[in-house]
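Asker: Structure file work.cif (mmCIF, C-alpha atoms) is given on the next line.
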```cif
data_input
#
loop_
_atom_site.label_atom_id
_atom_site.label_comp_id
_atom_site.auth_asym_id
_atom_site.auth_seq_id
_atom_site.Cartn_x
_atom_site.Cartn_y
_atom_site.Cartn_z
CA MET S 1445 -78.12 13.93 16.31
CA LEU S 1446 -74.84 12.10 16.77
CA LYS S 1447 -71.89 14.36 17.59
CA ARG S 1448 -69.09 14.56 15.06
CA PRO S 1449 -65.98 12.78 16.44
CA SER S 1450 -63.23 15.22 17.38
CA SER S 1451 -60.28 12.91 18.06
CA PRO S 1452 -59.14 9.30 17.53
CA ALA S 1453 -60.46 8.53 21.01
CA ASP S 1454 -64.01 9.12 19.75
CA LEU S 1455 -63.76 6.42 17.07
CA PRO S 1456 -64.74 2.75 17.25
CA ASP S 1457 -62.01 0.13 17.04
CA ILE S 1458 -63.83 -1.82 14.33
CA VAL S 1459 -65.59 -0.28 11.33
CA PRO S 1460 -67.30 -1.55 8.20
CA VAL S 1461 -65.31 -0.80 5.05
CA PHE S 1462 -66.43 -0.14 1.50
CA PRO S 1463 -63.69 -1.14 -0.97
CA LEU S 1464 -64.00 1.09 -4.02
CA SER S 1465 -61.28 1.66 -6.59
CA GLY S 1466 -60.58 5.24 -7.65
CA ALA S 1467 -62.79 6.74 -4.94
CA LEU S 1468 -61.04 9.28 -2.74
CA LEU S 1469 -62.40 10.70 0.51
CA LEU S 1470 -60.48 13.27 2.55
CA PRO S 1471 -61.16 14.89 5.94
CA PHE S 1472 -64.02 17.44 5.94
CA ALA S 1473 -64.76 16.74 2.26
CA HIS S 1474 -67.95 15.08 1.03
CA ARG S 1475 -68.27 12.02 -1.20
CA PRO S 1476 -71.65 11.12 -2.77
CA LEU S 1477 -72.18 7.41 -3.41
CA ASN S 1478 -74.90 5.32 -4.98
CA ILE S 1479 -75.37 2.09 -3.02
CA PHE S 1480 -77.12 -0.78 -4.77
CA GLU S 1481 -75.41 -4.08 -3.91
CA PRO S 1482 -77.30 -5.99 -1.19
CA ARG S 1483 -74.20 -6.35 1.02
CA TYR S 1484 -73.64 -2.59 1.02
CA ILE S 1485 -77.35 -1.86 1.48
CA GLU S 1486 -77.04 -3.88 4.70
CA MET S 1487 -73.85 -2.02 5.59
CA VAL S 1488 -75.64 1.34 5.29
CA ASP S 1489 -78.60 0.02 7.29
CA GLN S 1490 -76.29 -1.08 10.09
CA ALA S 1491 -74.39 2.21 10.02
CA LEU S 1492 -77.62 4.21 10.23
CA ALA S 1493 -78.71 2.13 13.20
CA GLY S 1494 -75.37 2.73 14.93
CA ASN S 1495 -72.63 5.34 14.77
CA ARG S 1496 -73.09 6.20 11.05
CA MET S 1497 -69.42 5.52 10.26
CA ILE S 1498 -68.11 3.71 7.18
CA GLY S 1499 -64.53 3.40 5.99
CA LEU S 1500 -63.79 4.04 2.33
CA ILE S 1501 -60.71 2.19 1.10
CA GLN S 1502 -59.27 1.13 -2.24
CA PRO S 1503 -58.48 -2.45 -3.29
CA GLN S 1504 -54.84 -3.03 -4.15
CA ASP S 1505 -55.85 -4.32 -7.58
CA PRO S 1506 -57.71 -1.51 -9.37
CA SER S 1507 -58.97 -3.75 -12.18
CA GLU S 1508 -62.22 -4.45 -10.31
CA GLU S 1509 -64.10 -1.43 -9.01
CA SER S 1510 -65.51 -3.15 -5.91
CA PRO S 1511 -64.24 -6.72 -5.51
CA THR S 1512 -66.75 -9.28 -4.32
CA GLY S 1513 -64.22 -11.49 -2.52
CA ARG S 1514 -61.68 -10.75 0.17
CA ASP S 1515 -59.10 -9.25 -2.15
CA PRO S 1516 -56.17 -7.38 -0.54
CA LEU S 1517 -56.94 -3.76 0.29
CA GLN S 1518 -54.73 -0.73 0.66
CA THR S 1519 -53.42 -0.22 4.17
CA VAL S 1520 -54.73 3.35 4.47
CA GLY S 1521 -58.30 4.49 3.97
CA CYS S 1522 -60.53 7.34 5.15
CA LEU S 1523 -63.32 7.04 7.67
CA GLY S 1524 -66.54 8.75 6.68
CA ARG S 1525 -69.66 9.77 8.55
CA LEU S 1526 -73.08 9.47 6.94
CA THR S 1527 -74.47 12.99 6.78
CA HIS S 1528 -77.15 12.48 4.13
CA TRP S 1529 -79.06 9.51 2.79
CA GLU S 1530 -82.03 8.90 0.55
CA GLU S 1531 -83.89 5.68 -0.15
CA ASN S 1532 -84.79 5.19 -3.78
CA GLY S 1533 -87.87 3.27 -4.81
CA ASP S 1534 -85.87 0.37 -6.24
CA GLY S 1535 -84.19 -0.47 -2.93
CA ARG S 1536 -81.08 1.62 -3.45
CA TYR S 1537 -79.49 4.29 -1.31
CA PHE S 1538 -77.98 7.60 -2.28
CA ILE S 1539 -75.64 8.64 0.53
CA VAL S 1540 -73.09 11.32 1.30
CA LEU S 1541 -70.05 10.57 3.44
CA GLU S 1542 -68.25 13.40 5.22
CA GLY S 1543 -64.57 12.60 5.69
CA LEU S 1544 -63.49 12.36 9.32
CA THR S 1545 -59.91 11.07 9.34
CA ARG S 1546 -57.59 8.72 7.54
CA PHE S 1547 -56.95 5.38 9.18
CA ASP S 1548 -54.57 2.45 9.15
CA ALA S 1549 -56.39 -0.79 8.38
CA LEU S 1550 -54.78 -3.05 10.97
CA GLN S 1551 -56.60 -6.35 10.71
CA GLU S 1552 -59.72 -7.78 9.12
CA VAL S 1553 -62.02 -9.20 11.77
CA THR S 1554 -63.82 -12.53 11.59
CA MET S 1555 -66.58 -12.34 9.05
CA ARG S 1556 -69.87 -11.61 10.77
CA MET S 1557 -71.59 -9.64 8.04
CA PRO S 1558 -71.79 -9.87 4.24
CA TYR S 1559 -69.59 -6.78 4.06
CA ARG S 1560 -66.05 -6.49 5.40
CA GLU S 1561 -65.01 -5.09 8.78
CA PHE S 1562 -61.57 -4.00 9.92
CA ARG S 1563 -59.88 -3.10 13.14
CA ILE S 1564 -58.46 0.38 12.54
CA SER S 1565 -56.23 3.02 14.11
CA SER S 1566 -56.26 6.75 13.40
CA GLU S 1567 -53.66 7.70 15.97
CA ARG S 1568 -51.05 8.81 13.45
CA PHE S 1569 -53.66 10.93 11.66
CA ALA S 1570 -54.90 12.82 14.72
CA LEU S 1571 -54.28 16.18 13.03
CA ASP S 1572 -56.92 15.30 10.42
CA PHE S 1573 -59.50 16.45 12.98
CA ASP S 1574 -58.14 20.02 12.73
CA ARG S 1575 -59.78 21.45 9.63
CA LEU S 1576 -57.22 24.24 9.19
CA HIS S 1577 -54.08 22.30 10.01
CA GLY S 1578 -51.33 22.93 7.45
CA GLU S 1579 -53.06 25.73 5.56
CA GLU S 1580 -50.33 28.25 6.30
CA ALA S 1581 -47.71 26.06 4.58
CA VAL S 1582 -49.61 25.82 1.27
CA ASP S 1583 -48.69 28.27 -1.47
CA ARG S 1584 -52.26 29.28 -2.29
CA GLN S 1585 -51.22 31.51 -5.19
CA ARG S 1586 -49.31 28.66 -6.80
CA PHE S 1587 -52.25 26.30 -6.27
CA LEU S 1588 -54.72 28.76 -7.80
CA LYS S 1589 -52.40 29.19 -10.79
CA MET S 1590 -52.47 25.44 -11.32
CA MET S 1591 -56.28 25.50 -11.18
CA ARG S 1592 -56.42 28.31 -13.72
CA ASP S 1593 -53.95 26.62 -16.09
CA TYR S 1594 -55.64 23.25 -15.81
CA ALA S 1595 -59.12 24.71 -16.37
CA GLU S 1596 -57.84 26.31 -19.57
CA PHE S 1597 -56.13 23.08 -20.62
CA ALA S 1598 -59.22 20.91 -19.97
CA GLU S 1599 -61.59 23.59 -21.27
CA PHE S 1600 -63.92 24.01 -18.32
CA ASP S 1601 -65.02 27.01 -16.26
CA LEU S 1602 -64.39 27.61 -12.57
CA ASN S 1603 -66.56 29.56 -10.15
CA TRP S 1604 -63.91 31.98 -8.93
CA ASP S 1605 -66.31 33.75 -6.58
CA GLU S 1606 -66.81 30.49 -4.68
CA ILE S 1607 -63.12 29.62 -4.86
CA LYS S 1608 -62.18 32.94 -3.25
CA LYS S 1609 -64.48 32.17 -0.32
CA THR S 1610 -63.19 28.61 0.15
CA GLY S 1611 -60.48 27.93 2.72
CA THR S 1612 -57.18 26.58 1.46
CA ALA S 1613 -57.45 23.15 3.11
CA ASP S 1614 -60.98 22.58 1.80
CA LEU S 1615 -59.95 23.78 -1.65
CA VAL S 1616 -56.94 21.46 -1.86
CA ASN S 1617 -58.89 18.45 -0.64
CA PHE S 1618 -61.84 19.11 -2.93
CA CYS S 1619 -59.59 19.45 -5.98
CA CYS S 1620 -57.83 16.20 -5.10
CA MET S 1621 -61.14 14.37 -4.81
CA VAL S 1622 -62.50 15.57 -8.16
CA SER S 1623 -59.18 15.23 -10.00
CA PRO S 1624 -59.31 12.89 -13.02
CA TYR S 1625 -56.47 10.63 -11.93
CA GLY S 1626 -56.41 6.88 -11.38
CA ALA S 1627 -56.46 4.72 -8.31
CA ALA S 1628 -52.70 4.79 -7.70
CA GLU S 1629 -52.54 8.57 -7.90
CA LYS S 1630 -55.58 8.92 -5.63
CA GLN S 1631 -53.87 6.72 -3.03
CA VAL S 1632 -50.75 8.89 -3.17
CA LEU S 1633 -52.90 11.98 -2.54
CA LEU S 1634 -54.65 10.24 0.36
CA GLU S 1635 -51.41 9.22 2.04
CA ALA S 1636 -49.63 12.58 1.60
CA ARG S 1637 -47.84 13.47 4.83
CA SER S 1638 -49.15 17.02 4.97
CA LEU S 1639 -51.61 19.34 3.25
CA GLU S 1640 -48.66 21.07 1.59
CA ASP S 1641 -47.41 17.74 0.22
CA ARG S 1642 -50.89 16.95 -1.08
CA ALA S 1643 -51.15 20.31 -2.81
CA GLU S 1644 -47.69 20.04 -4.38
CA THR S 1645 -48.39 16.47 -5.52
CA LEU S 1646 -51.59 17.53 -7.25
CA ILE S 1647 -49.77 20.45 -8.88
CA ALA S 1648 -47.07 18.10 -10.16
CA MET S 1649 -49.66 15.68 -11.55
CA ALA S 1650 -51.50 18.50 -13.36
CA GLU S 1651 -48.30 19.97 -14.77
CA TYR S 1652 -47.21 16.56 -16.04
CA GLU S 1653 -50.58 15.97 -17.71
CA MET S 1654 -50.52 19.41 -19.33
CA ALA S 1655 -46.95 18.88 -20.55
CA LYS S 1656 -47.96 15.57 -22.13
CA GLY S 1657 -50.89 17.34 -23.77
CA GLY S 1658 -48.69 20.06 -25.18
CA LYS S 1659 -49.72 22.81 -22.75
CA ALA S 1660 -46.86 24.30 -20.81
CA ALA S 1661 -47.70 25.99 -17.53
CA ALA S 1662 -47.53 29.76 -17.69
CA PRO S 1663 -44.91 31.49 -15.54
CA LEU S 1664 -46.02 32.59 -12.09
CA ASN S 1665 -46.28 36.37 -11.99
#
```
Could you express the structure from this file as structure tokens?

Answerer:
Amino acid sequence: MLKRPSSPADLPDIVPVFPLSGALLLPFAHRPLNIFEPRYIEMVDQALAGNRMIGLIQPQDPSEESPTGRDPLQTVGCLGRLTHWEENGDGRYFIVLEGLTRFDALQEVTMRMPYREFRISSERFALDFDRLHGEEAVDRQRFLKMMRDYAEFAEFDLNWDEIKKTGTADLVNFCCMVSPYGAAEKQVLLEARSLEDRAETLIAMAEYEMAKGGKAAAPLN
């Protein structure tokens, strides 16, 4: 079994990237993906034969979910590690990427494969390898209040027993990934400078949506 990278020094300089609009991956979170295009089938095959790393990044133009050309991409993505994969009978893959660290996409390398490859750097995101970094700065009570208010607003149930057992960093990142916001908002959440900033940004987005929908947030007791 390949060891999980623990610092930027453990990462390759060049990685395959999967451009996908609206898809957010964050460190230590998990993103399921259905892979069916031949170029990305080959990308998964190559990753499985090597270090199992794939970068998830958004195109700058969100109008096309996964552009077929060499459209401009965002400058920051998240590197994922293949932790689960299944081959379907029709030649497709179902995979799960575990987020490792955000990265700066420095330069696209000369095309060698049908998918795209970039030279990357994760040096400025070195703290992404610390699962608990920044937890102490997050106002967990305020974040849980937002979750409660938003669940009532959107009319869905939450498993509070599981939430109570979930660490603050994992909870914030999971909520960001499953949030119903668009590509631009997802990129803002990805590039947040700290876990606290990410939590506060998601709270602000939820409060704005609830205000537009006529649901004012309840006061914090």

Asker: Can you list, as number ranges by chain, the residues that the PyMOL selection byres ((chain S and resi 1453-1466) around 9) selects here?

Answerer: S: 1448-1452, 1467-1468, 1484, 1487, 1491, 1495, 1497-1511, 1517, 1521, 1523, 1552-1553, 1559-1567, 1625-1631

Asker: May I have a table of the residues of segment 1538-1637 of chain S lying at most 6 Å from segment 1476-1480 of chain S, giving each one's closest pair of atoms and their distance in Å to one decimal, counting all atoms listed in the file, ordered by chain and ascending residue number, as a Markdown table?

Answerer:
```
| residue | atom | partner | partner_atom | distance |
| --- | --- | --- | --- | --- |
| S:Phe1538 | CA | S:Asn1478 | CA | 4.7 |
| S:Ile1539 | CA | S:Leu1477 | CA | 5.4 |
| S:Val1540 | CA | S:Pro1476 | CA | 4.3 |
```

Asker: Suppose a student applies the PyMOL selection byres ((chain S and resi 1645-1657) around 9) to this structure; what residues should they get, written as a CSV table (one decimal) with C-alpha atoms, in the frame of the given file?

Answerer:
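Output contents, as saved in expr-v6.csv:
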```csv
chain,number,residue,atom,x,y,z
S,1586,ARG,CA,-49.3,28.7,-6.8
S,1587,PHE,CA,-52.2,26.3,-6.3
S,1590,MET,CA,-52.5,25.4,-11.3
S,1591,MET,CA,-56.3,25.5,-11.2
S,1593,ASP,CA,-54.0,26.6,-16.1
S,1594,TYR,CA,-55.6,23.2,-15.8
S,1597,PHE,CA,-56.1,23.1,-20.6
S,1598,ALA,CA,-59.2,20.9,-20.0
S,1616,VAL,CA,-56.9,21.5,-1.9
S,1619,CYS,CA,-59.6,19.4,-6.0
S,1620,CYS,CA,-57.8,16.2,-5.1
S,1623,SER,CA,-59.2,15.2,-10.0
S,1625,TYR,CA,-56.5,10.6,-11.9
S,1629,GLU,CA,-52.5,8.6,-7.9
S,1632,VAL,CA,-50.8,8.9,-3.2
S,1633,LEU,CA,-52.9,12.0,-2.5
S,1636,ALA,CA,-49.6,12.6,1.6
S,1640,GLU,CA,-48.7,21.1,1.6
S,1641,ASP,CA,-47.4,17.7,0.2
S,1642,ARG,CA,-50.9,17.0,-1.1
S,1643,ALA,CA,-51.2,20.3,-2.8
S,1644,GLU,CA,-47.7,20.0,-4.4
S,1658,GLY,CA,-48.7,20.1,-25.2
S,1659,LYS,CA,-49.7,22.8,-22.8
S,1660,ALA,CA,-46.9,24.3,-20.8
S,1661,ALA,CA,-47.7,26.0,-17.5
```

Asker: Restricting the calculation to only C-alpha atoms: of S:Thr1527, S:Thr1512, S:Asn1603, S:Ser1638, which residue gets closest to Leu1544 of chain S?

Answerer: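 Comparing S:Thr1527, S:Thr1512, S:Asn1603, S:Ser1638 against Leu1544 of chain S, the winner is S:Thr1527.
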
Asker: Tell me, in Å to one decimal, how far atom CA of Asp1534 of chain S is from atom CA of Pro1482 of chain S.

Answerer: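 These two atoms are separated by 11.8 Å.
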
Asker: Rounded to one decimal place, report the atom CA of Val1622 of chain S-atom CA of Leu1634 of chain S distance in Å.

Answerer: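 Computing the Euclidean distance for atom CA of Val1622 of chain S and atom CA of Leu1634 of chain S yields 12.8 Å.
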
Asker: Check the smallest atom-to-atom distance from each of S:Asp1614, S:Asp1605, S:Glu1579, S:Glu1599 to Leu1639 of chain S using only C-alpha atoms, then report the winner.

Answerer: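 Closest candidate: S:Glu1579.
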
Asker: Rounded to one decimal, what separation in Å do you get between atom CA of Lys1608 of chain S and atom CA of Leu1588 of chain S?

Answerer: 9.7 Å

Asker: Evaluated on this file, the PyMOL selection byres ((chain S and resi 1548) around 6) picks out some residues - which ones are they, written as a PyMOL selection string?

Answerer: chain S and resi 1519-1520+1547+1549-1550+1564-1565

Asker: Which neighbours of Arg1475 of chain S fall inside 7 Å, counting all atoms listed in the file, when residues of the same chain fewer than 5 positions from it are skipped, and could you give them as a PyMOL selection string?

Answerer: chain S and resi 1469+1540-1542

Asker: Find, counting all atoms listed in the file, the residue in S:Asp1572, S:Asp1583, S:Glu1596, S:Glu1531 that gets nearest to Ala1473 of chain S.

Answerer: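 Going through S:Asp1572, S:Asp1583, S:Glu1596, S:Glu1531 one by one, the smallest distance to Ala1473 of chain S is for S:Asp1572.
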
Asker: Give the answer as one residue: which of S:Arg1536, S:Asp1515, S:His1474, S:Thr1545 has the shortest atom-to-atom distance to Glu1635 of chain S, using all atoms listed in the file?

Answerer: S:Thr1545

Asker: How big is the axis-aligned box, and where does its centre sit, when it encloses all atoms of segment 1571-1574 of chain S listed in the file and has 8 Å added on every side, reported in Å to one decimal as JSON?

Answerer:
```
{"center_x": -56.9, "center_y": 17.7, "center_z": 11.7, "size_x": 21.2, "size_y": 20.7, "size_z": 18.6}
```

Asker: Give me segment 1600-1642 of chain S from this structure - N, CA and C atoms, as an mmCIF file, in the first residue's frame.

Answerer:
```
data_model
loop_
_atom_site.group_PDB
_atom_site.id
_atom_site.type_symbol
_atom_site.label_atom_id
_atom_site.label_comp_id
_atom_site.auth_asym_id
_atom_site.auth_seq_id
_atom_site.Cartn_x
_atom_site.Cartn_y
_atom_site.Cartn_z
ATOM 1 N N PHE S 1600 -34.315 19.630 5.501
ATOM 2 C CA PHE S 1600 -33.709 18.308 5.530
ATOM 3 C C PHE S 1600 -33.215 18.022 6.945
ATOM 4 N N ASP S 1601 -33.014 16.751 7.241
ATOM 5 C CA ASP S 1601 -32.604 16.320 8.573
ATOM 6 C C ASP S 1601 -31.092 16.140 8.629
ATOM 7 N N LEU S 1602 -30.544 16.345 9.815
ATOM 8 C CA LEU S 1602 -29.126 16.132 10.055
ATOM 9 C C LEU S 1602 -28.951 15.047 11.113
ATOM 10 N N ASN S 1603 -27.889 14.278 10.966
ATOM 11 C CA ASN S 1603 -27.572 13.242 11.941
ATOM 12 C C ASN S 1603 -26.703 13.871 13.030
ATOM 13 N N TRP S 1604 -27.339 14.385 14.064
ATOM 14 C CA TRP S 1604 -26.609 15.132 15.076
ATOM 15 C C TRP S 1604 -25.695 14.239 15.905
ATOM 16 N N ASP S 1605 -26.013 12.958 16.018
ATOM 17 C CA ASP S 1605 -25.116 12.051 16.731
ATOM 18 C C ASP S 1605 -23.769 11.959 16.010
ATOM 19 N N GLU S 1606 -23.808 11.856 14.678
ATOM 20 C CA GLU S 1606 -22.578 11.810 13.902
ATOM 21 C C GLU S 1606 -21.859 13.152 13.927
ATOM 22 N N ILE S 1607 -22.614 14.225 13.849
ATOM 23 C CA ILE S 1607 -22.020 15.568 13.850
ATOM 24 C C ILE S 1607 -21.244 15.809 15.144
ATOM 25 N N LYS S 1608 -21.808 15.377 16.271
ATOM 26 C CA LYS S 1608 -21.147 15.575 17.558
ATOM 27 C C LYS S 1608 -19.804 14.848 17.620
ATOM 28 N N LYS S 1609 -19.692 13.736 16.895
ATOM 29 C CA LYS S 1609 -18.465 12.947 16.921
ATOM 30 C C LYS S 1609 -17.443 13.404 15.877
ATOM 31 N N THR S 1610 -17.836 14.315 15.010
ATOM 32 C CA THR S 1610 -16.976 14.749 13.907
ATOM 33 C C THR S 1610 -16.139 15.947 14.329
ATOM 34 N N GLY S 1611 -14.846 15.898 14.071
ATOM 35 C CA GLY S 1611 -13.969 17.019 14.384
ATOM 36 C C GLY S 1611 -14.351 18.265 13.615
ATOM 37 N N THR S 1612 -13.976 19.415 14.152
ATOM 38 C CA THR S 1612 -14.396 20.683 13.561
ATOM 39 C C THR S 1612 -13.861 20.864 12.148
ATOM 40 N N ALA S 1613 -12.591 20.555 11.914
ATOM 41 C CA ALA S 1613 -12.018 20.732 10.578
ATOM 42 C C ALA S 1613 -12.729 19.847 9.566
ATOM 43 N N ASP S 1614 -12.936 18.578 9.908
ATOM 44 C CA ASP S 1614 -13.630 17.674 8.989
ATOM 45 C C ASP S 1614 -15.062 18.134 8.741
ATOM 46 N N LEU S 1615 -15.707 18.641 9.773
ATOM 47 C CA LEU S 1615 -17.091 19.094 9.635
ATOM 48 C C LEU S 1615 -17.188 20.299 8.705
ATOM 49 N N VAL S 1616 -16.311 21.270 8.894
ATOM 50 C CA VAL S 1616 -16.313 22.458 8.041
ATOM 51 C C VAL S 1616 -16.053 22.071 6.590
ATOM 52 N N ASN S 1617 -15.035 21.258 6.367
ATOM 53 C CA ASN S 1617 -14.689 20.896 4.997
ATOM 54 C C ASN S 1617 -15.769 20.058 4.328
ATOM 55 N N PHE S 1618 -16.372 19.159 5.073
ATOM 56 C CA PHE S 1618 -17.456 18.350 4.509
ATOM 57 C C PHE S 1618 -18.638 19.234 4.119
ATOM 58 N N CYS S 1619 -19.010 20.143 4.986
ATOM 59 C CA CYS S 1619 -20.153 21.022 4.693
ATOM 60 C C CYS S 1619 -19.872 21.901 3.481
ATOM 61 N N CYS S 1620 -18.638 22.361 3.338
ATOM 62 C CA CYS S 1620 -18.277 23.155 2.158
ATOM 63 C C CYS S 1620 -18.418 22.321 0.888
ATOM 64 N N MET S 1621 -17.987 21.069 0.945
ATOM 65 C CA MET S 1621 -18.026 20.235 -0.248
ATOM 66 C C MET S 1621 -19.441 19.895 -0.680
ATOM 67 N N VAL S 1622 -20.353 19.708 0.268
ATOM 68 C CA VAL S 1622 -21.722 19.327 -0.096
ATOM 69 C C VAL S 1622 -22.646 20.537 -0.205
ATOM 70 N N SER S 1623 -22.114 21.725 0.001
ATOM 71 C CA SER S 1623 -22.946 22.932 -0.083
ATOM 72 C C SER S 1623 -23.474 23.108 -1.504
ATOM 73 N N PRO S 1624 -24.632 23.734 -1.653
ATOM 74 C CA PRO S 1624 -25.292 23.795 -2.967
ATOM 75 C C PRO S 1624 -24.881 24.979 -3.826
ATOM 76 N N TYR S 1625 -23.699 25.518 -3.589
ATOM 77 C CA TYR S 1625 -23.306 26.748 -4.270
ATOM 78 C C TYR S 1625 -22.584 26.466 -5.581
ATOM 79 N N GLY S 1626 -22.426 27.520 -6.383
ATOM 80 C CA GLY S 1626 -21.874 27.380 -7.716
ATOM 81 C C GLY S 1626 -20.363 27.344 -7.739
ATOM 82 N N ALA S 1627 -19.836 27.316 -8.956
ATOM 83 C CA ALA S 1627 -18.406 27.158 -9.154
ATOM 84 C C ALA S 1627 -17.606 28.287 -8.521
ATOM 85 N N ALA S 1628 -18.064 29.521 -8.684
ATOM 86 C CA ALA S 1628 -17.314 30.661 -8.138
ATOM 87 C C ALA S 1628 -17.245 30.597 -6.621
ATOM 88 N N GLU S 1629 -18.368 30.262 -5.997
ATOM 89 C CA GLU S 1629 -18.393 30.163 -4.538
ATOM 90 C C GLU S 1629 -17.523 29.004 -4.051
ATOM 91 N N LYS S 1630 -17.554 27.888 -4.786
ATOM 92 C CA LYS S 1630 -16.725 26.749 -4.402
ATOM 93 C C LYS S 1630 -15.234 27.109 -4.482
ATOM 94 N N GLN S 1631 -14.854 27.911 -5.471
ATOM 95 C CA GLN S 1631 -13.460 28.312 -5.587
ATOM 96 C C GLN S 1631 -13.050 29.214 -4.429
ATOM 97 N N VAL S 1632 -13.956 30.096 -4.017
ATOM 98 C CA VAL S 1632 -13.678 30.959 -2.860
ATOM 99 C C VAL S 1632 -13.445 30.110 -1.615
ATOM 100 N N LEU S 1633 -14.277 29.093 -1.417
ATOM 101 C CA LEU S 1633 -14.122 28.211 -0.256
ATOM 102 C C LEU S 1633 -12.798 27.453 -0.325
ATOM 103 N N LEU S 1634 -12.429 27.011 -1.522
ATOM 104 C CA LEU S 1634 -11.163 26.293 -1.689
ATOM 105 C C LEU S 1634 -9.972 27.168 -1.322
ATOM 106 N N GLU S 1635 -10.005 28.418 -1.762
ATOM 107 C CA GLU S 1635 -8.848 29.295 -1.609
ATOM 108 C C GLU S 1635 -8.838 30.062 -0.282
ATOM 109 N N ALA S 1636 -9.794 29.794 0.602
ATOM 110 C CA ALA S 1636 -9.828 30.483 1.897
ATOM 111 C C ALA S 1636 -8.479 30.356 2.605
ATOM 112 N N ARG S 1637 -8.029 31.430 3.212
ATOM 113 C CA ARG S 1637 -6.690 31.451 3.806
ATOM 114 C C ARG S 1637 -6.561 30.544 5.012
ATOM 115 N N SER S 1638 -7.656 30.335 5.724
ATOM 116 C CA SER S 1638 -7.597 29.517 6.932
ATOM 117 C C SER S 1638 -8.913 28.766 7.082
ATOM 118 N N LEU S 1639 -8.927 27.778 7.971
ATOM 119 C CA LEU S 1639 -10.150 27.042 8.252
ATOM 120 C C LEU S 1639 -11.216 27.986 8.817
ATOM 121 N N GLU S 1640 -10.797 28.917 9.647
ATOM 122 C CA GLU S 1640 -11.751 29.885 10.197
ATOM 123 C C GLU S 1640 -12.380 30.716 9.082
ATOM 124 N N ASP S 1641 -11.564 31.185 8.136
ATOM 125 C CA ASP S 1641 -12.094 31.954 7.010
ATOM 126 C C ASP S 1641 -13.078 31.121 6.192
ATOM 127 N N ARG S 1642 -12.744 29.850 5.998
ATOM 128 C CA ARG S 1642 -13.635 28.973 5.224
ATOM 129 C C ARG S 1642 -14.971 28.801 5.938
#
```
